[in-house]
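S.K.: Below is run08.cif; it holds mmCIF, C-alpha atoms.
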```cif
data_target
loop_
_atom_site.group_PDB
_atom_site.id
_atom_site.type_symbol
_atom_site.label_atom_id
_atom_site.label_comp_id
_atom_site.auth_asym_id
_atom_site.auth_seq_id
_atom_site.Cartn_x
_atom_site.Cartn_y
_atom_site.Cartn_z
ATOM 1 C CA MET A 25 0.000 0.000 0.000
ATOM 2 C CA THR A 26 1.151 3.517 -0.817
ATOM 3 C CA ARG A 27 0.708 5.941 2.085
ATOM 4 C CA ILE A 28 -1.182 9.165 1.329
ATOM 5 C CA ALA A 29 -1.476 11.822 4.024
ATOM 6 C CA PHE A 30 -4.751 13.746 4.191
ATOM 7 C CA LEU A 31 -4.095 17.051 5.931
ATOM 8 C CA ALA A 32 -6.607 18.138 8.560
ATOM 9 C CA CYS A 33 -6.523 20.528 11.509
ATOM 10 C CA MET A 34 -7.310 20.203 15.195
ATOM 11 C CA THR A 35 -10.891 21.424 14.844
ATOM 12 C CA THR A 36 -11.808 19.093 11.977
ATOM 13 C CA LEU A 37 -10.339 15.964 13.578
ATOM 14 C CA PRO A 38 -12.766 13.799 15.568
ATOM 15 C CA GLY A 39 -11.929 13.193 19.212
ATOM 16 C CA ALA A 40 -9.657 16.230 19.484
ATOM 17 C CA GLY A 41 -11.910 18.490 21.543
ATOM 18 C CA GLU A 42 -14.539 20.904 20.253
ATOM 19 C CA ARG A 43 -14.954 20.584 16.501
ATOM 20 C CA ARG A 44 -15.938 23.155 13.907
ATOM 21 C CA GLY A 45 -19.587 23.440 13.010
ATOM 22 C CA ASP A 46 -18.843 22.079 9.538
ATOM 23 C CA ALA A 47 -16.548 19.229 10.698
ATOM 24 C CA HIS A 48 -19.136 16.758 9.403
ATOM 25 C CA GLU A 49 -17.860 17.661 5.929
ATOM 26 C CA HIS A 50 -14.481 16.235 6.925
ATOM 27 C CA ASP A 51 -16.205 12.993 7.972
ATOM 28 C CA LEU A 52 -18.155 12.815 4.699
ATOM 29 C CA THR A 53 -14.949 13.348 2.710
ATOM 30 C CA ILE A 54 -13.005 10.608 4.472
ATOM 31 C CA ALA A 55 -15.947 8.207 4.155
ATOM 32 C CA ALA A 56 -16.099 8.922 0.418
ATOM 33 C CA LEU A 57 -12.357 8.635 -0.238
ATOM 34 C CA ALA A 58 -11.222 5.754 1.972
ATOM 35 C CA PRO A 59 -12.859 2.774 0.143
ATOM 36 C CA PRO A 60 -11.818 3.723 -3.436
ATOM 37 C CA PHE A 61 -8.367 4.680 -2.190
ATOM 38 C CA ALA A 62 -7.985 1.298 -0.535
ATOM 39 C CA ALA A 63 -9.155 -0.388 -3.748
ATOM 40 C CA ALA A 64 -6.398 1.512 -5.574
ATOM 41 C CA ARG A 65 -3.909 0.362 -2.909
ATOM 42 C CA LEU A 66 -3.602 3.873 -1.484
ATOM 43 C CA ALA A 67 -3.577 3.977 2.321
ATOM 44 C CA LEU A 68 -5.263 7.228 3.349
ATOM 45 C CA GLU A 69 -3.941 8.566 6.670
ATOM 46 C CA VAL A 70 -5.463 11.672 8.282
ATOM 47 C CA ILE A 71 -2.787 13.898 9.867
ATOM 48 C CA ASP A 72 -2.979 17.339 11.462
ATOM 49 C CA TRP A 73 -0.852 19.575 9.222
ATOM 50 C CA GLU A 74 0.852 21.037 12.294
ATOM 51 C CA SER A 75 2.041 17.624 13.519
ATOM 52 C CA PRO A 76 5.783 16.947 13.787
ATOM 53 C CA ILE A 77 7.241 16.520 10.326
ATOM 54 C CA GLU A 78 8.290 12.970 11.162
ATOM 55 C CA ARG A 79 4.614 11.930 11.040
ATOM 56 C CA PHE A 80 4.857 12.192 7.270
ATOM 57 C CA ASP A 81 7.852 9.883 6.861
ATOM 58 C CA GLY A 82 7.072 7.172 4.344
ATOM 59 C CA CYS A 83 4.224 9.092 2.664
ATOM 60 C CA ALA A 84 4.340 9.230 -1.108
ATOM 61 C CA GLY A 85 1.811 12.037 -1.397
ATOM 62 C CA VAL A 86 -0.125 14.621 0.589
ATOM 63 C CA LEU A 87 -3.635 15.933 -0.038
ATOM 64 C CA LEU A 88 -4.362 19.296 1.563
ATOM 65 C CA GLY A 89 -7.709 17.982 2.720
ATOM 66 C CA THR A 90 -9.489 19.840 5.528
ATOM 67 C CA ALA A 91 -6.680 22.056 6.836
ATOM 68 C CA TRP A 92 -9.330 24.692 7.397
ATOM 69 C CA ASN A 93 -7.349 26.872 9.776
ATOM 70 C CA TYR A 94 -4.580 27.587 7.271
ATOM 71 C CA GLN A 95 -5.703 31.213 6.847
ATOM 72 C CA ASP A 96 -4.768 31.838 10.486
ATOM 73 C CA ALA A 97 -1.110 31.114 9.675
ATOM 74 C CA PRO A 98 -0.736 31.174 5.879
ATOM 75 C CA SER A 99 3.049 31.583 5.883
ATOM 76 C CA ALA A 100 3.509 28.639 8.244
ATOM 77 C CA PHE A 101 1.129 26.560 6.146
ATOM 78 C CA VAL A 102 3.014 27.168 2.912
ATOM 79 C CA ALA A 103 6.321 26.581 4.728
ATOM 80 C CA ARG A 104 5.052 23.184 5.885
ATOM 81 C CA LEU A 105 4.047 22.266 2.321
ATOM 82 C CA GLU A 106 7.470 23.309 1.048
ATOM 83 C CA GLU A 107 9.106 21.260 3.800
ATOM 84 C CA LEU A 108 7.107 18.204 2.742
ATOM 85 C CA ALA A 109 8.008 18.734 -0.913
ATOM 86 C CA ALA A 110 11.680 19.110 0.008
ATOM 87 C CA ARG A 111 11.508 15.654 1.615
ATOM 88 C CA GLY A 112 10.468 14.185 -1.744
ATOM 89 C CA ILE A 113 6.742 13.968 -0.926
ATOM 90 C CA HIS A 114 4.334 14.938 -3.698
ATOM 91 C CA VAL A 115 2.037 17.708 -2.448
ATOM 92 C CA PHE A 116 -1.395 18.209 -4.020
ATOM 93 C CA ASN A 117 -1.939 20.935 -4.825
ATOM 94 C CA PRO A 118 1.734 21.997 -4.868
ATOM 95 C CA PRO A 119 3.152 24.857 -2.771
ATOM 96 C CA ASP A 120 3.657 27.304 -5.656
ATOM 97 C CA LEU A 121 0.012 26.992 -6.673
ATOM 98 C CA VAL A 122 -1.113 27.295 -3.055
ATOM 99 C CA ARG A 123 0.938 30.454 -2.566
ATOM 100 C CA TRP A 124 -0.621 31.975 -5.698
ATOM 101 C CA ASN A 125 -4.143 31.031 -4.557
ATOM 102 C CA LEU A 126 -3.740 32.228 -0.945
ATOM 103 C CA SER A 127 -4.663 35.845 -1.606
ATOM 104 C CA LYS A 128 -7.875 36.593 -3.450
ATOM 105 C CA THR A 129 -5.859 39.012 -5.577
ATOM 106 C CA TYR A 130 -5.356 36.032 -7.901
ATOM 107 C CA LEU A 131 -8.823 36.975 -9.212
ATOM 108 C CA ARG A 132 -7.365 40.225 -10.504
ATOM 109 C CA GLU A 133 -4.750 38.241 -12.431
ATOM 110 C CA LEU A 134 -7.391 35.960 -13.914
ATOM 111 C CA ALA A 135 -9.437 38.987 -14.963
ATOM 112 C CA GLU A 136 -6.359 40.220 -16.832
ATOM 113 C CA ARG A 137 -6.355 36.843 -18.609
ATOM 114 C CA ASP A 138 -9.901 37.514 -19.889
ATOM 115 C CA VAL A 139 -11.715 35.506 -17.211
ATOM 116 C CA ARG A 140 -14.914 37.365 -16.362
ATOM 117 C CA THR A 141 -15.040 37.926 -12.598
ATOM 118 C CA VAL A 142 -17.332 39.672 -10.129
ATOM 119 C CA PRO A 143 -16.576 43.443 -10.199
ATOM 120 C CA THR A 144 -14.165 44.187 -7.359
ATOM 121 C CA ARG A 145 -12.436 47.094 -5.671
ATOM 122 C CA TRP A 146 -9.136 46.044 -4.067
ATOM 123 C CA LEU A 147 -8.327 48.068 -0.939
ATOM 124 C CA LYS A 148 -5.733 47.946 1.834
ATOM 125 C CA ASP A 149 -8.604 48.605 4.246
ATOM 126 C CA VAL A 150 -12.203 49.786 4.006
ATOM 127 C CA ASP A 151 -13.944 52.699 5.718
ATOM 128 C CA SER A 152 -17.417 54.192 5.353
ATOM 129 C CA ASP A 153 -16.256 56.527 2.564
ATOM 130 C CA ASP A 154 -14.981 53.545 0.573
ATOM 131 C CA ILE A 155 -18.350 51.840 0.953
ATOM 132 C CA ALA A 156 -20.222 54.929 -0.224
ATOM 133 C CA ALA A 157 -17.900 55.276 -3.226
ATOM 134 C CA ALA A 158 -18.350 51.627 -4.228
ATOM 135 C CA MET A 159 -22.134 51.849 -3.954
ATOM 136 C CA ALA A 160 -22.106 54.931 -6.150
ATOM 137 C CA GLN A 161 -19.776 53.326 -8.698
ATOM 138 C CA TRP A 162 -21.990 50.289 -9.209
ATOM 139 C CA ASP A 163 -25.334 51.839 -8.229
ATOM 140 C CA ALA A 164 -25.485 48.930 -5.788
ATOM 141 C CA GLU A 165 -28.115 48.308 -3.134
ATOM 142 C CA ALA A 166 -25.680 46.174 -1.121
ATOM 143 C CA LEU A 167 -21.991 45.322 -0.988
ATOM 144 C CA VAL A 168 -20.080 42.278 0.197
ATOM 145 C CA ILE A 169 -16.752 42.980 1.894
ATOM 146 C CA LYS A 170 -14.297 40.082 2.135
ATOM 147 C CA ARG A 171 -10.768 39.572 3.405
ATOM 148 C CA GLN A 172 -8.163 39.161 0.692
ATOM 149 C CA VAL A 173 -6.768 36.227 2.680
ATOM 150 C CA GLY A 174 -9.545 34.168 4.192
ATOM 151 C CA ALA A 175 -11.801 31.178 3.728
ATOM 152 C CA GLY A 176 -15.286 30.021 4.591
ATOM 153 C CA ALA A 177 -16.685 33.596 4.665
ATOM 154 C CA LEU A 178 -14.490 34.320 7.707
ATOM 155 C CA GLY A 179 -14.938 37.977 8.691
ATOM 156 C CA GLN A 180 -17.085 38.657 5.641
ATOM 157 C CA ILE A 181 -19.851 41.274 5.936
ATOM 158 C CA LEU A 182 -22.830 42.499 3.921
ATOM 159 C CA VAL A 183 -23.571 46.234 3.945
ATOM 160 C CA ARG A 184 -26.901 47.474 2.602
ATOM 161 C CA HIS A 185 -27.689 50.897 1.201
ATOM 162 C CA GLY A 186 -28.921 53.147 3.995
ATOM 163 C CA GLU A 187 -27.126 51.098 6.638
ATOM 164 C CA LEU A 188 -23.607 52.469 6.255
ATOM 165 C CA PRO A 189 -21.343 52.136 9.311
ATOM 166 C CA GLY A 190 -20.353 55.219 11.287
ATOM 167 C CA GLY A 191 -17.543 57.540 10.303
ATOM 168 C CA GLY A 192 -14.944 55.905 12.558
ATOM 169 C CA TRP A 193 -15.589 52.375 11.294
ATOM 170 C CA ARG A 194 -12.866 50.371 9.540
ATOM 171 C CA PHE A 195 -12.903 46.811 8.228
ATOM 172 C CA GLY A 196 -9.409 46.191 9.608
ATOM 173 C CA HIS A 197 -8.058 43.926 6.843
ATOM 174 C CA ALA A 198 -6.850 44.105 3.273
ATOM 175 C CA ALA A 199 -10.163 43.737 1.512
ATOM 176 C CA MET A 200 -12.079 43.106 -1.661
ATOM 177 C CA VAL A 201 -15.354 44.997 -2.070
ATOM 178 C CA GLN A 202 -17.974 43.611 -4.450
ATOM 179 C CA PRO A 203 -21.588 44.373 -5.341
ATOM 180 C CA TYR A 204 -24.020 41.874 -3.884
ATOM 181 C CA LEU A 205 -25.466 39.829 -6.764
ATOM 182 C CA PRO A 206 -29.132 38.798 -6.304
ATOM 183 C CA ALA A 207 -28.496 35.585 -8.250
ATOM 184 C CA ILE A 208 -26.871 34.177 -5.097
ATOM 185 C CA ALA A 209 -30.269 33.981 -3.396
ATOM 186 C CA ASP A 210 -32.203 33.113 -6.581
ATOM 187 C CA GLU A 211 -30.289 30.655 -8.742
ATOM 188 C CA GLY A 212 -27.545 30.156 -6.178
ATOM 189 C CA GLU A 213 -23.806 29.721 -6.620
ATOM 190 C CA LEU A 214 -22.758 27.058 -9.121
ATOM 191 C CA SER A 215 -19.675 24.960 -8.364
ATOM 192 C CA PHE A 216 -17.773 22.774 -10.810
ATOM 193 C CA VAL A 217 -15.423 20.159 -9.352
ATOM 194 C CA PHE A 218 -12.549 19.153 -11.625
ATOM 195 C CA ILE A 219 -10.207 16.234 -10.968
ATOM 196 C CA ASP A 220 -7.046 16.196 -13.081
ATOM 197 C CA GLY A 221 -8.705 18.473 -15.632
ATOM 198 C CA ALA A 222 -11.890 16.410 -16.020
ATOM 199 C CA LEU A 223 -15.266 17.507 -14.647
ATOM 200 C CA SER A 224 -16.231 15.211 -11.784
ATOM 201 C CA HIS A 225 -19.552 16.830 -10.860
ATOM 202 C CA ALA A 226 -21.356 20.133 -10.452
ATOM 203 C CA LEU A 227 -23.656 21.467 -7.766
ATOM 204 C CA ARG A 228 -25.802 24.405 -6.792
ATOM 205 C CA LYS A 229 -25.366 26.089 -3.393
ATOM 206 C CA ARG A 230 -27.976 28.381 -1.884
ATOM 207 C CA PRO A 231 -27.939 30.459 1.306
ATOM 208 C CA ALA A 232 -30.479 30.082 4.089
ATOM 209 C CA ARG A 233 -33.455 32.431 3.890
ATOM 210 C CA GLY A 234 -32.394 35.874 5.027
ATOM 211 C CA ASP A 235 -28.663 35.146 4.638
ATOM 212 C CA TYR A 236 -26.285 35.470 1.695
ATOM 213 C CA ARG A 237 -23.539 32.997 2.681
ATOM 214 C CA ILE A 238 -23.802 29.575 1.057
ATOM 215 C CA GLN A 239 -21.588 27.621 3.489
ATOM 216 C CA SER A 240 -23.216 24.934 5.651
ATOM 217 C CA LEU A 241 -21.946 26.778 8.740
ATOM 218 C CA TYR A 242 -24.555 29.432 8.019
ATOM 219 C CA GLY A 243 -27.384 27.141 6.975
ATOM 220 C CA GLY A 244 -26.538 26.941 3.287
ATOM 221 C CA THR A 245 -27.779 23.961 1.290
ATOM 222 C CA GLU A 246 -26.497 22.099 -1.761
ATOM 223 C CA GLU A 247 -27.985 20.027 -4.546
ATOM 224 C CA ALA A 248 -26.571 18.278 -7.593
ATOM 225 C CA HIS A 249 -26.601 20.346 -10.771
ATOM 226 C CA ALA A 250 -26.631 19.046 -14.353
ATOM 227 C CA PRO A 251 -24.617 21.752 -16.123
ATOM 228 C CA SER A 252 -25.184 22.833 -19.683
ATOM 229 C CA PRO A 253 -22.327 22.476 -22.188
ATOM 230 C CA GLU A 254 -21.940 26.275 -22.108
ATOM 231 C CA GLU A 255 -21.589 26.287 -18.328
ATOM 232 C CA VAL A 256 -18.967 23.551 -18.420
ATOM 233 C CA SER A 257 -17.095 25.387 -21.159
ATOM 234 C CA THR A 258 -17.041 28.586 -19.090
ATOM 235 C CA ALA A 259 -15.754 26.770 -16.007
ATOM 236 C CA ARG A 260 -13.176 24.914 -18.067
ATOM 237 C CA ALA A 261 -11.889 28.215 -19.477
ATOM 238 C CA VAL A 262 -11.135 29.299 -15.895
ATOM 239 C CA LEU A 263 -9.193 26.080 -15.369
ATOM 240 C CA ALA A 264 -7.201 26.749 -18.536
ATOM 241 C CA ALA A 265 -6.296 30.245 -17.292
ATOM 242 C CA LEU A 266 -4.718 28.974 -14.058
ATOM 243 C CA PRO A 267 -0.928 29.076 -13.779
ATOM 244 C CA ALA A 268 1.154 25.910 -14.043
ATOM 245 C CA PRO A 269 1.385 23.329 -12.651
ATOM 246 C CA ALA A 270 -2.090 22.045 -13.435
ATOM 247 C CA PRO A 271 -3.980 21.291 -10.200
ATOM 248 C CA LEU A 272 -4.907 17.762 -9.222
ATOM 249 C CA TYR A 273 -8.248 19.119 -8.032
ATOM 250 C CA ALA A 274 -10.065 22.434 -8.367
ATOM 251 C CA ARG A 275 -13.477 23.775 -7.455
ATOM 252 C CA ILE A 276 -14.619 26.594 -9.684
ATOM 253 C CA ASP A 277 -17.348 28.688 -8.032
ATOM 254 C CA MET A 278 -19.481 30.917 -10.273
ATOM 255 C CA VAL A 279 -22.537 33.149 -10.089
ATOM 256 C CA ARG A 280 -24.872 34.451 -12.777
ATOM 257 C CA ALA A 281 -24.610 38.104 -13.842
ATOM 258 C CA ASP A 282 -27.637 40.174 -14.819
ATOM 259 C CA ASP A 283 -26.881 39.530 -18.498
ATOM 260 C CA GLY A 284 -26.938 35.746 -17.954
ATOM 261 C CA ALA A 285 -23.183 35.180 -18.137
ATOM 262 C CA LEU A 286 -21.382 33.233 -15.423
ATOM 263 C CA LEU A 287 -18.894 35.224 -13.352
ATOM 264 C CA LEU A 288 -16.033 33.649 -11.446
ATOM 265 C CA MET A 289 -16.346 34.039 -7.676
ATOM 266 C CA GLU A 290 -13.518 31.743 -6.598
ATOM 267 C CA ALA A 291 -11.070 29.223 -8.041
ATOM 268 C CA GLU A 292 -10.581 27.048 -4.956
ATOM 269 C CA LEU A 293 -7.244 25.213 -5.210
ATOM 270 C CA ILE A 294 -6.080 24.848 -1.612
ATOM 271 C CA GLU A 295 -8.405 22.870 0.655
ATOM 272 C CA PRO A 296 -11.894 23.139 -0.829
ATOM 273 C CA TYR A 297 -14.733 20.913 0.271
ATOM 274 C CA LEU A 298 -15.448 18.849 -2.844
ATOM 275 C CA TYR A 299 -19.025 17.817 -1.995
ATOM 276 C CA PRO A 300 -18.934 14.018 -2.281
ATOM 277 C CA GLU A 301 -22.669 13.807 -1.581
ATOM 278 C CA GLN A 302 -23.356 15.521 -4.902
ATOM 279 C CA GLY A 303 -20.539 13.617 -6.633
ATOM 280 C CA PRO A 304 -20.644 9.959 -5.572
ATOM 281 C CA GLN A 305 -17.789 9.095 -7.956
ATOM 282 C CA LEU A 306 -15.459 11.684 -6.424
ATOM 283 C CA GLY A 307 -13.448 9.134 -4.438
ATOM 284 C CA SER A 308 -12.834 6.943 -7.479
ATOM 285 C CA HIS A 309 -11.962 9.913 -9.679
ATOM 286 C CA LEU A 310 -9.483 11.262 -7.144
ATOM 287 C CA ALA A 311 -7.898 7.877 -6.384
ATOM 288 C CA GLN A 312 -7.357 7.148 -10.079
ATOM 289 C CA ALA A 313 -5.951 10.614 -10.772
ATOM 290 C CA LEU A 314 -3.644 10.456 -7.760
ATOM 291 C CA ALA A 315 -2.315 7.012 -8.726
ATOM 292 C CA LYS A 316 -1.660 8.352 -12.218
ATOM 293 C CA ARG A 317 0.211 11.384 -10.876
ATOM 294 C CA LEU A 318 2.301 9.166 -8.580
ATOM 295 C CA GLN A 319 2.862 6.664 -11.404
ATOM 296 C CA ILE A 320 1.800 3.676 -9.324
#
```
Spell out the structure here as structure tokens.
M.R.:
Amino acid sequence: MTRIAFLACMTTLPGAGERRGDAHEHDLTIAALAPPFAAARLALEVIDWESPIERFDGCAGVLLGTAWNYQDAPSAFVARLEELAARGIHVFNPPDLVRWNLSKTYLRELAERDVRTVPTRWLKDVDSDDIAAAMAQWDAEALVIKRQVGAGALGQILVRHGELPGGGWRFGHAAMVQPYLPAIADEGELSFVFIDGALSHALRKRPARGDYRIQSLYGGTEEAHAPSPEEVSTARAVLAALPAPAPLYARIDMVRADDGALLLMEAELIEPYLYPEQGPQLGSHLAQALAKRLQI
């Protein structure tokens, strides 16, 4: 058996104290991957990414898995991935790609490569004047303010017209400011999961009533989506615009613009949840692609 480490963190691991509210997604992922990995003679071993480096001795590959606290220490996280790679362990996705994907400013680069993205203002911080200016620029009824380095809607806020914060307010982080798109609540966010360049499955994610965040932590729900050829082509064009090396896995998150076109919200290349419930063949697809990459 070839040992494959699946990176997790203290709050996603069972039996390690209080777990995250979405830790069940870790359990669903392991349950989906373990049997097809075993069938492919890949021994999947869950390891906290902050464990002593010796825990990884003998591993042929590492999947970034559910290391969902990486944004708290991004430099240390990338350093650990580089340390693993330096020991001859194949890291998926590799450190250079992770470093590129860490800051949401990668979206600006993709926009320069003709990928259509959600309109964004990139700011070192945000105050009430910045919010007013963005609302005026886009004639927007609401704005979403996100951290440039973050995950899972951490620290994200929605500001509606007429509810601007006071004059002394500041967001406190390097930020991206975007108009709120009503399609999030109507059609929902569409996600396309690619394994080694091939579409594994697609899904639709919707927020809970009265919310705008689609993550399960906030009551969001998911359902399988049968994408049109045009939708797949649009998502695949995003994949083609990514820098080398080609990712083993990617989740391309998109939302519909007012003119009907799909806009890129995120190209998730680090530790995305890949929704095995909506893609029952995910484990097989990933095991086969991993074995091919490792040449075993």
S.K.: Just checking: using all atoms listed in the file, which residue out of A:Glu246, A:Asp81, A:Asp151, A:Asp138 ends up closest to Ala261 (chain A)?
M.R.: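 Smallest separation from Ala261 (chain A) among the options: A:Asp138.
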S.K.: Expressed in Å to a single decimal, how great is the separation between CA of Ala175 (chain A) and CA of Tyr94 (chain A)?
M.R.: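 Interatomic distance here is 8.8 Å.
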S.K.: CA of Ile294 (chain A) and CA of Ile169 (chain A), how far apart in Å?
M.R.: 21.3 Å
S.K.: Specify the axis-aligned box that encloses all atoms of region 187-201 of chain A listed in the file after padding of 8 Å on each side, stating its centre and edge lengths in Å to one decimal as JSON.
M.R.:
```
{"center_x": -17.0, "center_y": 50.3, "center_z": 5.2, "size_x": 36.3, "size_y": 30.4, "size_z": 30.6}
```
S.K.: Select, counting only C-alpha atoms, all protein, DNA and RNA residues no farther than 6 Å from (-23.9, 29.6, -7.9) in file coordinates, and express the selection as a list in words.
M.R.: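 Using only C-alpha atoms, the matching residues come out as Gly212, Glu213, Leu214, Arg228, Lys229, Met278 and Val279 of chain A.
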S.K.: Taking (0.9, 18.2, 10.1) in the file's own coordinates, collect the residues within 10 Å, counting all atoms listed in the file, and hand them back as a PyMOL selection string.
M.R.: chain A and resi 29-34+70-80+91+101+104-105+108
S.K.: Can you spell out as a PyMOL selection string the set of residues that the PyMOL selection byres ((chain A and resi 210) around 12) selects in the structure I just provided?
M.R.: chain A and resi 205-209+211-214+228-236+238+279-282
S.K.: When distances are computed from only C-alpha atoms, which of A:Pro118, A:Pro203, A:Pro38, A:Gly196 shows the smallest separation from Val150 (chain A)?
M.R.: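 Using only C-alpha atoms, the shortest distance to Val150 (chain A) belongs to A:Gly196.
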S.K.: Between A:Phe216, A:Phe116, A:Thr129, A:Ala313, which is the closest to Ser252 (chain A) once you count all atoms listed in the file?
M.R.: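 Of the candidates, the smallest distance to Ser252 (chain A) is held by A:Phe216.
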S.K.: Step by step, work through what the PyMOL selection byres ((chain A and resi 287) around 9) selects in the shown file, and finish by giving those residues as a VMD selection string.
M.R.: chain A and resid 139 to 142 258 277 to 281 285 to 286 288 to 289
S.K.: For Gln302 (chain A), find every residue with an atom within 12 Å (counting all atoms listed in the file), except residues of its own chain fewer than 6 positions away, and show them as a short mmCIF file (atom, residue, chain, number, x, y, z; two decimals) with C-alpha atoms, in the frame of the given file.
M.R.:
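Saved file around-v1.cif follows:
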```
data_model
loop_
_atom_site.label_atom_id
_atom_site.label_comp_id
_atom_site.auth_asym_id
_atom_site.auth_seq_id
_atom_site.Cartn_x
_atom_site.Cartn_y
_atom_site.Cartn_z
CA LEU A 52 -18.16 12.82 4.70
CA THR A 53 -14.95 13.35 2.71
CA ALA A 56 -16.10 8.92 0.42
CA SER A 215 -19.68 24.96 -8.36
CA PHE A 216 -17.77 22.77 -10.81
CA VAL A 217 -15.42 20.16 -9.35
CA SER A 224 -16.23 15.21 -11.78
CA HIS A 225 -19.55 16.83 -10.86
CA ALA A 226 -21.36 20.13 -10.45
CA LEU A 227 -23.66 21.47 -7.77
CA ARG A 228 -25.80 24.40 -6.79
CA LYS A 229 -25.37 26.09 -3.39
CA THR A 245 -27.78 23.96 1.29
CA GLU A 246 -26.50 22.10 -1.76
CA GLU A 247 -27.98 20.03 -4.55
CA ALA A 248 -26.57 18.28 -7.59
CA HIS A 249 -26.60 20.35 -10.77
CA ALA A 250 -26.63 19.05 -14.35
#
```
S.K.: Distance CA of Arg260 (chain A)-CA of Ser308 (chain A), one decimal place?
M.R.: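 Straight-line distance from CA of Arg260 (chain A) to CA of Ser308 (chain A) works out to 20.9 Å.
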S.K.: What's the 7 Å shell around Glu292 (chain A), counting all atoms listed in the file, without same-chain residues fewer than 2 positions away, as a ChimeraX atom specification?
M.R.: /A:274-276,290,294,296
S.K.: Choose the residue, out of A:Trp146, A:Trp193, A:Tyr297, A:Phe218, that has the smallest atom-to-atom separation from Gln172 (chain A); count only C-alpha atoms.
M.R.: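 Checking each of A:Trp146, A:Trp193, A:Tyr297, A:Phe218 against Gln172 (chain A), counting only C-alpha atoms, the winner is A:Trp146.
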S.K.: What residues come out when you apply the PyMOL selection byres ((chain A and resi 159) around 12) to this file, written as a PyMOL selection string?
M.R.: chain A and resi 143-145+152-158+160-169+183-188+201-204
S.K.: Can you work out which one of A:Lys128, A:Arg43, A:Arg194, A:Arg65 has the shortest atom-to-atom distance to Trp92 (chain A), counting all atoms listed in the file?
M.R.: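 The shortest atom-to-atom distance to Trp92 (chain A) comes from A:Arg43.
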S.K.: Which is closest to Pro300 (chain A) among A:Asp46, A:Met25, A:Ile54, A:Gln180, if we use only C-alpha atoms?
M.R.: A:Ile54
S.K.: Set out as a tab-separated table a contact list for region 107-197 of chain A and region 263-267 of chain A with a cut-off of 8 Å, giving each residue of region 107-197 of chain A that qualifies its closest atom pair and distance in Å to one decimal, counting all atoms listed in the file, ordered by chain and rising residue number.
M.R.:
```
residue	atom	partner	partner_atom	distance
A:Leu121	CA	A:Pro267	CA	7.5
A:Leu134	CA	A:Ala265	CA	6.7
A:Arg137	CA	A:Ala265	CA	6.7
A:Val139	CA	A:Ala265	CA	7.6
```
